>>> print(open('entry.tsv').read())   # TSV, C-alpha atoms
chain	number	residue	atom	x	y	z
A	1	MET	CA	2.05	-16.46	15.02
A	2	ASP	CA	-0.12	-18.59	17.26
A	3	ASN	CA	-2.08	-21.32	15.46
A	4	TYR	CA	-1.10	-20.13	12.01
A	5	LYS	CA	0.82	-21.92	9.28
A	6	ILE	CA	2.36	-19.92	6.47
A	7	SER	CA	0.69	-20.72	3.16
A	8	ASP	CA	2.40	-20.96	-0.20
A	9	LYS	CA	-0.46	-18.80	-1.52
A	10	LYS	CA	1.24	-15.50	-0.73
A	11	LEU	CA	-0.68	-13.11	-2.95
A	12	GLY	CA	-2.92	-10.74	-0.99
A	13	PHE	CA	-5.71	-8.60	-2.42
A	14	GLY	CA	-5.05	-5.00	-1.38
A	15	LEU	CA	-8.34	-3.11	-1.37
A	16	MET	CA	-7.09	0.48	-1.50
A	17	ARG	CA	-7.31	0.87	-5.28
A	18	LEU	CA	-10.52	-0.94	-6.21
A	19	PRO	CA	-12.07	-0.37	-9.66
A	20	LYS	CA	-14.34	2.64	-10.02
A	21	LYS	CA	-17.56	3.24	-11.91
A	22	GLY	CA	-17.80	7.00	-12.03
A	23	MET	CA	-17.05	8.33	-8.54
A	24	HIS	CA	-17.91	5.09	-6.75
A	25	ILE	CA	-16.34	1.66	-6.36
A	26	ASP	CA	-17.45	-0.81	-9.01
A	27	VAL	CA	-18.82	-3.52	-6.72
A	28	GLU	CA	-19.77	-5.83	-9.60
A	29	GLN	CA	-16.25	-5.90	-11.04
A	30	THR	CA	-14.80	-6.15	-7.54
A	31	GLY	CA	-16.99	-9.21	-7.00
A	32	ARG	CA	-15.62	-10.86	-10.14
A	33	MET	CA	-12.10	-10.17	-8.93
A	34	VAL	CA	-12.92	-11.62	-5.51
A	35	ASP	CA	-14.25	-14.80	-7.14
A	36	MET	CA	-11.15	-15.17	-9.32
A	37	PHE	CA	-8.91	-14.68	-6.28
A	38	LEU	CA	-10.71	-17.25	-4.12
A	39	ASP	CA	-11.03	-19.75	-6.97
A	40	ALA	CA	-7.24	-19.66	-7.38
A	41	GLY	CA	-6.80	-20.62	-3.71
A	42	PHE	CA	-5.93	-17.22	-2.23
A	43	THR	CA	-7.62	-15.90	0.90
A	44	TYR	CA	-5.99	-12.70	2.26
A	45	PHE	CA	-7.93	-9.43	1.81
A	46	ASP	CA	-6.61	-6.12	3.16
A	47	THR	CA	-8.66	-2.97	3.72
A	48	ALA	CA	-8.63	-0.08	6.22
A	49	TYR	CA	-10.90	2.32	8.07
A	50	VAL	CA	-9.62	5.20	5.92
A	51	TYR	CA	-9.84	3.51	2.50
A	52	VAL	CA	-12.91	5.41	1.35
A	53	GLY	CA	-15.73	3.03	0.43
A	54	SER	CA	-13.49	-0.04	0.61
A	55	GLU	CA	-14.87	-1.72	3.73
A	56	SER	CA	-18.47	-1.35	2.56
A	57	ALA	CA	-17.61	-2.56	-0.94
A	58	ILE	CA	-15.91	-5.69	0.34
A	59	ASN	CA	-18.99	-6.40	2.46
A	60	LYS	CA	-21.03	-6.63	-0.75
A	61	ALA	CA	-18.38	-8.21	-2.98
A	62	LEU	CA	-16.98	-10.75	-0.49
A	63	VAL	CA	-18.64	-11.07	2.91
A	64	GLN	CA	-22.24	-11.36	1.72
A	65	ARG	CA	-21.29	-13.80	-1.04
A	66	HIS	CA	-18.81	-16.26	0.50
A	67	PRO	CA	-18.61	-18.37	3.70
A	68	ARG	CA	-16.76	-16.60	6.52
A	69	ASP	CA	-14.21	-19.39	6.87
A	70	SER	CA	-13.25	-19.19	3.17
A	71	TYR	CA	-11.22	-15.97	3.52
A	72	THR	CA	-9.17	-13.91	5.94
A	73	LEU	CA	-9.78	-10.19	6.31
A	74	ALA	CA	-7.43	-7.48	7.53
A	75	THR	CA	-8.35	-3.91	8.40
A	76	LYS	CA	-6.70	-1.09	10.32
A	77	LEU	CA	-7.06	1.60	13.00
A	78	PHE	CA	-5.79	4.99	11.78
A	79	VAL	CA	-4.90	7.13	14.78
A	80	SER	CA	-4.27	10.28	12.73
A	81	ALA	CA	-8.00	10.43	12.00
A	82	ALA	CA	-8.87	10.24	15.70
A	83	PRO	CA	-9.03	13.38	17.90
A	84	THR	CA	-9.69	11.36	21.08
A	85	GLU	CA	-9.07	7.91	22.53
A	86	SER	CA	-12.76	7.00	22.43
A	87	PHE	CA	-12.98	8.07	18.77
A	88	ALA	CA	-9.95	5.92	17.91
A	89	LYS	CA	-11.42	2.87	19.60
A	90	LYS	CA	-14.76	3.33	17.85
A	91	GLU	CA	-12.98	2.88	14.52
A	92	PHE	CA	-12.92	-0.87	15.13
A	93	GLU	CA	-16.67	-1.12	15.64
A	94	THR	CA	-17.21	1.02	12.54
A	95	SER	CA	-14.97	-1.28	10.50
A	96	LEU	CA	-16.76	-4.34	11.84
A	97	ARG	CA	-20.14	-2.85	10.92
A	98	ARG	CA	-19.04	-1.74	7.46
A	99	THR	CA	-17.47	-5.07	6.54
A	100	GLY	CA	-20.13	-7.20	8.22
A	101	ALA	CA	-17.40	-9.75	8.82
A	102	LYS	CA	-18.38	-10.74	12.44
A	103	TYR	CA	-14.69	-10.73	13.39
A	104	ILE	CA	-11.40	-9.48	11.89
A	105	ASP	CA	-8.62	-11.97	11.19
A	106	TYR	CA	-5.75	-9.45	11.12
A	107	TYR	CA	-6.15	-6.10	12.85
A	108	LEU	CA	-3.43	-3.49	12.42
A	109	LEU	CA	-2.50	-0.26	14.09
A	110	HIS	CA	-2.15	1.78	10.94
A	111	SER	CA	0.86	3.61	9.51
A	112	LEU	CA	3.10	4.09	12.54
A	113	ASN	CA	5.88	6.62	12.02
A	114	ASP	CA	8.14	9.02	13.92
A	115	LYS	CA	5.43	11.67	14.13
A	116	ASN	CA	2.51	9.61	15.41
A	117	TYR	CA	3.74	6.50	17.25
A	118	GLU	CA	3.48	8.07	20.72
A	119	LYS	CA	-0.23	8.75	20.13
A	120	PHE	CA	-0.88	5.00	20.02
A	121	ASP	CA	0.53	4.76	23.55
A	122	LYS	CA	-1.31	7.89	24.71
A	123	PHE	CA	-4.63	6.40	23.54
A	124	ASN	CA	-3.82	2.96	25.05
A	125	LEU	CA	-4.30	1.28	21.69
A	126	TRP	CA	-1.76	-1.48	22.19
A	127	ASP	CA	-3.76	-2.69	25.20
A	128	TYR	CA	-6.97	-2.19	23.23
A	129	VAL	CA	-6.01	-4.62	20.46
A	130	LYS	CA	-5.06	-7.20	23.09
A	131	GLU	CA	-8.52	-6.81	24.61
A	132	LEU	CA	-10.12	-7.27	21.21
A	133	LYS	CA	-8.22	-10.51	20.74
A	134	GLU	CA	-9.15	-11.76	24.20
A	135	LYS	CA	-12.81	-11.11	23.37
A	136	GLY	CA	-12.52	-13.00	20.09
A	137	LYS	CA	-13.25	-9.94	17.96
A	138	ILE	CA	-9.88	-10.23	16.20
A	139	ARG	CA	-7.64	-13.23	15.61
A	140	HIS	CA	-4.22	-11.57	15.23
A	141	TYR	CA	-2.86	-8.06	15.70
A	142	GLY	CA	0.13	-6.17	14.35
A	143	PHE	CA	0.93	-2.83	12.79
A	144	SER	CA	1.81	-1.21	9.49
A	145	PHE	CA	4.94	0.89	9.47
A	146	HIS	CA	6.39	3.83	7.55
A	147	SER	CA	9.67	4.90	9.11
A	148	GLY	CA	13.24	3.73	9.74
A	149	PRO	CA	14.71	0.61	11.36
A	150	GLU	CA	15.59	2.38	14.61
A	151	LEU	CA	11.95	3.10	15.42
A	152	LEU	CA	10.85	-0.33	14.18
A	153	ASP	CA	13.34	-1.98	16.53
A	154	LYS	CA	12.03	0.12	19.43
A	155	LEU	CA	8.39	-0.74	18.71
A	156	LEU	CA	9.06	-4.46	18.40
A	157	THR	CA	11.14	-4.37	21.59
A	158	ASP	CA	8.46	-2.45	23.52
A	159	HIS	CA	5.62	-4.56	22.09
A	160	PRO	CA	6.98	-8.08	21.60
A	161	ASP	CA	3.46	-9.50	21.51
A	162	ALA	CA	2.75	-7.84	18.13
A	163	GLU	CA	2.32	-10.86	15.89
A	164	PHE	CA	3.24	-9.41	12.51
A	165	VAL	CA	4.32	-6.19	10.84
A	166	GLN	CA	3.30	-4.71	7.50
A	167	LEU	CA	6.19	-3.09	5.62
A	168	GLN	CA	6.69	-1.26	2.34
A	169	ILE	CA	9.02	-3.52	0.38
A	170	ASN	CA	9.81	-3.53	-3.34
A	171	TYR	CA	12.95	-3.80	-5.42
A	172	ALA	CA	13.13	-0.04	-6.02
A	173	ASP	CA	12.98	0.73	-2.28
A	174	TRP	CA	15.13	-2.19	-1.13
A	175	ASN	CA	18.27	-0.07	-0.78
A	176	ASP	CA	16.63	3.37	-0.92
A	177	PRO	CA	18.16	5.56	1.85
A	178	LYS	CA	14.76	7.14	2.63
A	179	VAL	CA	12.52	4.07	2.73
A	180	ARG	CA	15.25	1.67	4.01
A	181	ALA	CA	13.16	-1.35	3.09
A	182	ARG	CA	15.92	-3.94	3.44
A	183	GLU	CA	16.91	-2.67	6.89
A	184	ASN	CA	13.30	-2.70	8.10
A	185	TYR	CA	12.85	-6.22	6.77
A	186	GLU	CA	15.97	-7.39	8.59
A	187	VAL	CA	14.83	-5.82	11.87
A	188	ALA	CA	11.43	-7.50	11.66
A	189	ARG	CA	12.95	-10.89	10.92
A	190	ARG	CA	15.49	-10.47	13.72
A	191	HIS	CA	12.53	-10.07	16.07
A	192	GLY	CA	11.00	-13.22	14.59
A	193	LYS	CA	8.00	-11.43	13.08
A	194	MET	CA	6.07	-12.49	10.03
A	195	ILE	CA	5.79	-9.80	7.39
A	196	VAL	CA	2.94	-8.55	5.24
A	197	ILE	CA	4.35	-6.64	2.28
A	198	MET	CA	2.62	-3.50	0.99
A	199	GLU	CA	3.48	-1.46	-2.10
A	200	PRO	CA	5.34	-4.32	-3.86
A	201	VAL	CA	4.72	-2.52	-7.15
A	202	LYS	CA	5.36	0.92	-5.60
A	203	GLY	CA	1.90	2.32	-6.26
A	204	GLY	CA	2.01	1.06	-9.85
A	205	ALA	CA	5.39	2.62	-10.69
A	206	LEU	CA	6.97	-0.82	-11.16
A	207	ALA	CA	4.10	-2.02	-13.36
A	208	ASP	CA	5.06	0.71	-15.82
A	209	PRO	CA	8.71	1.43	-15.01
A	210	PRO	CA	11.17	3.74	-16.81
A	211	GLU	CA	12.23	2.67	-20.30
A	212	LYS	CA	15.69	1.43	-19.28
A	213	VAL	CA	14.09	-0.86	-16.70
A	214	LYS	CA	11.57	-2.12	-19.26
A	215	GLU	CA	14.34	-2.94	-21.72
A	216	LEU	CA	16.27	-4.90	-19.08
A	217	LEU	CA	13.25	-6.91	-17.92
A	218	LYS	CA	11.94	-7.64	-21.41
A	219	LYS	CA	15.36	-8.86	-22.52
A	220	ALA	CA	15.49	-11.21	-19.54
A	221	ASN	CA	11.94	-12.55	-20.05
A	222	PRO	CA	9.83	-11.18	-22.90
A	223	ASP	CA	6.70	-12.96	-21.66
A	224	ALA	CA	6.71	-11.72	-18.06
A	225	SER	CA	4.78	-8.59	-17.07
A	226	TYR	CA	6.71	-5.83	-15.32
A	227	ALA	CA	4.48	-6.22	-12.26
A	228	SER	CA	5.33	-9.94	-12.05
A	229	TRP	CA	8.99	-9.16	-11.47
A	230	ALA	CA	8.12	-6.84	-8.58
A	231	ILE	CA	5.64	-9.14	-6.88
A	232	ARG	CA	7.83	-12.22	-7.25
A	233	PHE	CA	10.74	-10.29	-5.74
A	234	ALA	CA	8.66	-9.56	-2.63
A	235	ALA	CA	7.17	-13.05	-2.40
A	236	SER	CA	10.64	-14.64	-2.66
A	237	LEU	CA	11.71	-13.18	0.68
A	238	ASP	CA	11.67	-15.41	3.77
A	239	GLY	CA	9.04	-14.94	6.45
A	240	VAL	CA	6.41	-13.37	4.20
A	241	LEU	CA	2.79	-13.95	5.20
A	242	SER	CA	1.26	-12.04	2.28
A	243	VAL	CA	2.23	-9.75	-0.58
A	244	LEU	CA	-0.51	-7.17	-1.11
A	245	SER	CA	-1.26	-6.18	-4.67
A	246	GLY	CA	-3.64	-3.24	-5.04
A	247	MET	CA	-5.39	-4.59	-8.12
A	248	SER	CA	-7.77	-2.20	-9.89
A	249	ASN	CA	-9.37	-4.35	-12.60
A	250	VAL	CA	-9.97	-7.91	-13.74
A	251	GLU	CA	-6.98	-7.80	-16.10
A	252	GLN	CA	-4.56	-7.00	-13.27
A	253	MET	CA	-6.06	-9.80	-11.19
A	254	ALA	CA	-5.64	-12.27	-14.05
A	255	ASP	CA	-2.01	-11.25	-14.55
A	256	ASN	CA	-1.18	-11.60	-10.85
A	257	LEU	CA	-2.83	-15.01	-10.63
A	258	SER	CA	-1.01	-16.26	-13.72
A	259	TYR	CA	2.35	-16.33	-11.96
A	260	MET	CA	1.34	-16.48	-8.27
A	261	LYS	CA	-1.04	-19.45	-8.41
A	262	ASN	CA	1.93	-21.76	-8.81
A	263	PHE	CA	4.53	-19.40	-7.40
A	264	VAL	CA	8.20	-19.98	-8.26
A	265	PRO	CA	10.75	-17.90	-6.27
A	266	LEU	CA	13.29	-15.81	-8.16
A	267	SER	CA	16.37	-17.68	-9.36
A	268	ASP	CA	19.85	-16.32	-8.66
A	269	ASP	CA	20.01	-15.00	-12.23
A	270	GLU	CA	16.65	-13.27	-11.81
A	271	LYS	CA	17.75	-11.74	-8.52
A	272	GLU	CA	20.71	-10.18	-10.34
A	273	ILE	CA	18.35	-8.76	-12.99
A	274	ILE	CA	16.20	-7.26	-10.22
A	275	ARG	CA	19.28	-5.74	-8.56
A	276	GLN	CA	20.17	-4.03	-11.85
A	277	ALA	CA	16.56	-2.92	-12.33
A	278	GLY	CA	16.61	-1.24	-8.92
A	279	GLU	CA	19.74	0.69	-9.83
A	280	LEU	CA	18.30	1.77	-13.17
A	281	PHE	CA	15.06	2.89	-11.53
A	282	HIS	CA	16.93	5.31	-9.30
A	283	GLU	CA	18.79	6.83	-12.22
A	284	THR	CA	15.45	8.31	-13.32
A	285	HIS	CA	14.24	11.36	-11.41
A	286	SER	CA	10.62	11.17	-10.32
A	287	ILE	CA	8.30	12.17	-7.50
A	288	PRO	CA	8.01	8.95	-5.42
A	289	CYS	CA	4.26	9.19	-4.86
A	290	THR	CA	2.35	5.90	-4.48
A	291	ALA	CA	-1.10	7.57	-4.66
A	292	CYS	CA	-2.21	6.45	-1.21
A	293	ARG	CA	-4.13	9.76	-1.06
A	294	TYR	CA	-3.64	10.29	2.68
A	295	CYS	CA	-2.51	13.82	1.78
A	296	VAL	CA	-5.78	14.62	0.00
A	297	GLU	CA	-8.19	13.86	2.82
A	298	GLY	CA	-7.02	16.68	5.07
A	299	CYS	CA	-5.88	19.22	2.49
A	300	PRO	CA	-7.69	22.50	3.31
A	301	ALA	CA	-7.38	23.62	-0.31
A	302	GLY	CA	-8.66	20.32	-1.71
A	303	ILE	CA	-5.69	19.88	-4.04
A	304	PRO	CA	-5.54	16.50	-5.87
A	305	ILE	CA	-1.86	16.11	-5.02
A	306	PRO	CA	-1.28	12.53	-6.32
A	307	ASP	CA	-2.95	13.35	-9.64
A	308	ILE	CA	-0.74	16.42	-10.11
A	309	PHE	CA	2.35	14.36	-9.31
A	310	ALA	CA	1.22	11.65	-11.75
A	311	ALA	CA	0.98	14.27	-14.51
A	312	ARG	CA	4.46	15.54	-13.70
A	313	ASN	CA	5.90	12.01	-13.54
A	314	LYS	CA	4.69	11.35	-17.08
A	315	GLN	CA	7.11	14.08	-18.09
A	316	LEU	CA	9.95	13.21	-15.72
A	317	VAL	CA	9.95	9.43	-16.17
A	318	PHE	CA	8.67	8.91	-19.70
A	319	GLY	CA	9.27	12.24	-21.43
A	320	ARG	CA	5.56	12.55	-22.29
A	321	ILE	CA	5.56	16.32	-22.08
A	322	ASP	CA	2.33	17.05	-23.97
A	323	GLU	CA	0.42	14.28	-22.21
A	324	GLY	CA	1.53	15.56	-18.79
A	325	ASN	CA	0.52	19.10	-19.74
A	326	ALA	CA	-2.89	17.91	-20.91
A	327	ASP	CA	-3.48	15.93	-17.72
A	328	TYR	CA	-2.56	18.89	-15.56
A	329	ALA	CA	-4.70	21.30	-17.60
A	330	ALA	CA	-7.71	19.03	-17.08
A	331	LEU	CA	-7.06	18.91	-13.34
A	332	ALA	CA	-6.60	22.68	-13.07
A	333	SER	CA	-9.80	23.36	-14.99
A	334	ALA	CA	-11.79	21.07	-12.70
A	335	GLY	CA	-10.60	22.34	-9.33
A	336	PRO	CA	-7.66	23.48	-7.16
A	337	ALA	CA	-4.23	23.37	-8.79
A	338	ALA	CA	-0.65	23.22	-7.56
A	339	GLY	CA	-0.45	26.98	-7.12
A	340	ASP	CA	-3.35	26.92	-4.64
A	341	CYS	CA	-1.21	25.24	-1.96
A	342	LEU	CA	-1.47	27.02	1.42
A	343	GLU	CA	1.80	25.44	2.58
A	344	CYS	CA	0.22	24.36	5.86
A	345	GLY	CA	2.24	21.13	5.94
A	346	GLN	CA	-0.69	18.83	6.75
A	347	CYS	CA	0.13	16.67	3.75
A	348	GLU	CA	3.76	16.21	4.68
A	349	ASN	CA	2.81	15.12	8.20
A	350	VAL	CA	0.84	12.13	6.88
A	351	CYS	CA	2.86	11.20	3.78
A	352	PRO	CA	4.23	7.64	4.21
A	353	GLN	CA	6.89	8.32	1.57
A	354	LYS	CA	8.19	11.44	3.34
A	355	ILE	CA	7.85	13.43	0.12
A	356	LYS	CA	8.58	17.14	0.28
A	357	ILE	CA	5.12	17.81	-1.05
A	358	ILE	CA	5.14	21.61	-0.72
A	359	GLU	CA	8.44	21.89	-2.58
A	360	ASN	CA	7.24	19.52	-5.31
A	361	LEU	CA	3.95	21.39	-5.73
A	362	ARG	CA	5.93	24.61	-6.19
A	363	GLU	CA	8.01	22.89	-8.87
A	364	CYS	CA	4.90	21.52	-10.57
A	365	ASN	CA	3.24	24.92	-10.55
A	366	LYS	CA	6.33	26.54	-12.06
A	367	ASN	CA	6.79	23.80	-14.68
A	368	PHE	CA	3.21	23.69	-15.87
A	369	ALA	CA	2.89	27.50	-15.87
A	370	GLU	CA	5.98	27.80	-18.05
A	371	ARG	CA	4.75	25.11	-20.46
A	372	GLY	CA	1.11	26.22	-20.46
>>> encode(input="entry.tsv", output="structure tokens")
Amino acid sequence: MDNYKISDKKLGFGLMRLPKKGMHIDVEQTGRMVDMFLDAGFTYFDTAYVYVGSESAINKALVQRHPRDSYTLATKLFVSAAPTESFAKKEFETSLRRTGAKYIDYYLLHSLNDKNYEKFDKFNLWDYVKELKEKGKIRHYGFSFHSGPELLDKLLTDHPDAEFVQLQINYADWNDPKVRARENYEVARRHGKMIVIMEPVKGGALADPPEKVKELLKKANPDASYASWAIRFAASLDGVLSVLSGMSNVEQMADNLSYMKNFVPLSDDEKEIIRQAGELFHETHSIPCTACRYCVEGCPAGIPIPDIFAARNKQLVFGRIDEGNADYAALASAGPAAGDCLECGQCENVCPQKIKIIENLRECNKNFAERG
């Protein structure tokens, strides 16, 4: 990218899953995490217009407390939330006001996929981000992507001026036939694009992987956290600008910094362990939800879909039957449950993981009803 040198400080602070105090983001703890991150020499912060409360929280925890040239900030324009072109373009000004950042270092068109990519052209958003850069309101622009390599190749061919691309890459998805992480990575590099990696720990699934994966990783290195294997895998790839870790507390920040401050790429032996871990992960059936919560925002029934899937995954992945039942019972007593699904399909239209949400909610409803 123009006027940018790739740093060896590749850890990025993903701001989707910030710590909570009750129903709200814990700004005080977020501030401590921000300070730890900056003190260790890292600078890349990633938020989005649709990360509820995130932009405002980072204003208080980062922007108001640190010099503007001490960090780089990324945020995103989410076209699925915009009914009109003017509404879509106003998202940038809203993000700028919420963050208070004066300008955005990395601005992304958010979550392009087969179902929405034409809307970015219809609303003239590719030209819009160029205008923002010309006016000095953003420094770099790119897009985040949730689809297959064919569409990615088309987008990078049609828009060669896009400076970087944000991709879902982790060792479990590397050869997954649905996510196609390796193929997407190869397309982006073939086009000469720098890559920001999202979901390196697969929404937390690789921080607490299935037992067979845990056994393999602990045998290889008893002192390394499970998350460290996943993040180091992503950071070891060529052409990576930043690896975003959605850290939710001070302890996770400390763990990430412990091995990323003086980052050492995976050795050949470690790469073989990771290859085996990926194979073992896919031997375990689970619902591949990363808890992005895009499905929840527009659900007419208000169903907490990721929380229901998390309860079911405790049973599927870890065999914690009673714990999964208890979690689901608490959810069902507090609000809409799996059986309240209207099957409208809104959730499936926005799901980055392409999960058959309706089918899985039916299965959850049946399972928990039978065990209740």
>>> atom_distance(input="entry.tsv", atom1="atom CA of A:Ile169", atom2="atom CA of A:Gln276")
16.6 Å
>>> residues_around(input="entry.tsv", residues="A:His285", least_positions_apart="5", cutoff="9 Å", atoms="only C-alpha atoms", output="list of chain:residue names")
A:Asn313, A:Leu316, A:Val317
>>> residues_around(input="entry.tsv", residues="A:Lys202", least_positions_apart="3", cutoff="9 Å", atoms="all atoms listed in the file", output="list of chain:residue names")
A:Gln168, A:Ile169, A:Asn170, A:Tyr171, A:Ala172, A:Asp173, A:Met198, A:Glu199, A:Ala205, A:Leu206, A:Ala207, A:Ala230, A:Pro288, A:Cys289, A:Thr290
>>> closest_atom_pairs(input="entry.tsv", of="stretch 322-360 of chain A", to="stretch 142-163 of chain A", cutoff="12 Å", atoms="all atoms listed in the file", output="JSON lines")
{"residue": "A:Asn349", "atom": "CA", "partner": "A:His146", "partner_atom": "CA", "distance": 11.9}
{"residue": "A:Val350", "atom": "CA", "partner": "A:His146", "partner_atom": "CA", "distance": 10.0}
{"residue": "A:Cys351", "atom": "CA", "partner": "A:His146", "partner_atom": "CA", "distance": 9.0}
{"residue": "A:Pro352", "atom": "CA", "partner": "A:His146", "partner_atom": "CA", "distance": 5.5}
{"residue": "A:Gln353", "atom": "CA", "partner": "A:His146", "partner_atom": "CA", "distance": 7.5}
{"residue": "A:Lys354", "atom": "CA", "partner": "A:Ser147", "partner_atom": "CA", "distance": 8.8}
>>> residues_around(input="entry.tsv", residues="A:Ser248", least_positions_apart="4", cutoff="9 Å", atoms="only C-alpha atoms", output="MDAnalysis selection string")
chainID A and resid 15:20 30 252:253
>>> residues_near_point(input="entry.tsv", point="(-14.7, -1.9, 4.4)", cutoff="12 Å", atoms="all atoms listed in the file", output="count of residues only")
41
>>> residues_around(input="entry.tsv", residues="A:Val34", least_positions_apart="2", cutoff="10 Å", atoms="only C-alpha atoms", output="JSON, numbers by chain")
{"A": [13, 28, 29, 30, 31, 32, 36, 37, 38, 39, 42, 43, 45, 58, 61, 62, 65, 66, 250, 253]}
>>> residues_around(input="entry.tsv", residues="A:Phe309", least_positions_apart="2", cutoff="9 Å", atoms="all atoms listed in the file", output="list in words")
Ser286, Ile287, Pro288, Cys289, Ala291, Pro304, Ile305, Pro306, Asp307, Ala311, Arg312, Asn313, Lys314, Asn360, Leu361 and Cys364 of chain A
>>> closest_residue(input="entry.tsv", among="A:Phe233, A:Gln315, A:Gly246, A:Arg320", to="A:Asn367", atoms="all atoms listed in the file")
A:Gln315
>>> atom_distance(input="entry.tsv", atom1="atom CA of A:His140", atom2="atom CA of A:Lys102")
14.5 Å
>>> atom_distance(input="entry.tsv", atom1="atom CA of A:Met194", atom2="atom CA of A:Asn249")
28.6 Å
>>> axis_aligned_box(input="entry.tsv", around="stretch 322-340 of chain A", padding_each_side="6 Å", output="AutoDock Vina command-line options")
--center_x -4.7 --center_y 20.6 --center_z -14.3 --size_x 26.1 --size_y 24.7 --size_z 31.3
>>> decode(input="entry.tsv", residues="stretch 59-71 of chain A", atoms="N, CA and C atoms", output="short mmCIF file (atom, residue, chain, number, x, y, z; two decimals), in the first residue's frame")
data_model
loop_
_atom_site.label_atom_id
_atom_site.label_comp_id
_atom_site.auth_asym_id
_atom_site.auth_seq_id
_atom_site.Cartn_x
_atom_site.Cartn_y
_atom_site.Cartn_z
N ASN A 59 -13.68 5.50 21.55
CA ASN A 59 -13.49 6.95 21.71
C ASN A 59 -13.00 7.24 23.13
N LYS A 60 -13.69 6.68 24.12
CA LYS A 60 -13.36 6.94 25.52
C LYS A 60 -12.09 6.21 25.96
N ALA A 61 -11.94 4.97 25.50
CA ALA A 61 -10.82 4.14 25.99
C ALA A 61 -9.51 4.41 25.26
N LEU A 62 -9.58 4.93 24.04
CA LEU A 62 -8.38 5.13 23.22
C LEU A 62 -8.22 6.57 22.77
N VAL A 63 -9.17 7.06 21.99
CA VAL A 63 -9.01 8.33 21.29
C VAL A 63 -8.84 9.50 22.25
N GLN A 64 -9.62 9.54 23.31
CA GLN A 64 -9.54 10.64 24.26
C GLN A 64 -8.32 10.54 25.19
N ARG A 65 -7.62 9.40 25.15
CA ARG A 65 -6.56 9.17 26.13
C ARG A 65 -5.15 9.07 25.53
N HIS A 66 -5.08 8.98 24.20
CA HIS A 66 -3.77 8.77 23.56
C HIS A 66 -3.62 9.67 22.33
N PRO A 67 -2.39 10.11 22.01
CA PRO A 67 -2.16 10.95 20.84
C PRO A 67 -2.63 10.25 19.56
N ARG A 68 -3.18 11.03 18.64
CA ARG A 68 -3.75 10.44 17.41
C ARG A 68 -2.71 9.71 16.57
N ASP A 69 -1.46 10.13 16.63
CA ASP A 69 -0.45 9.45 15.81
C ASP A 69 0.16 8.23 16.48
N SER A 70 -0.39 7.84 17.65
CA SER A 70 0.15 6.68 18.37
C SER A 70 -0.59 5.38 18.03
N TYR A 71 -1.63 5.46 17.21
CA TYR A 71 -2.42 4.28 16.87
C TYR A 71 -3.01 4.42 15.47
#
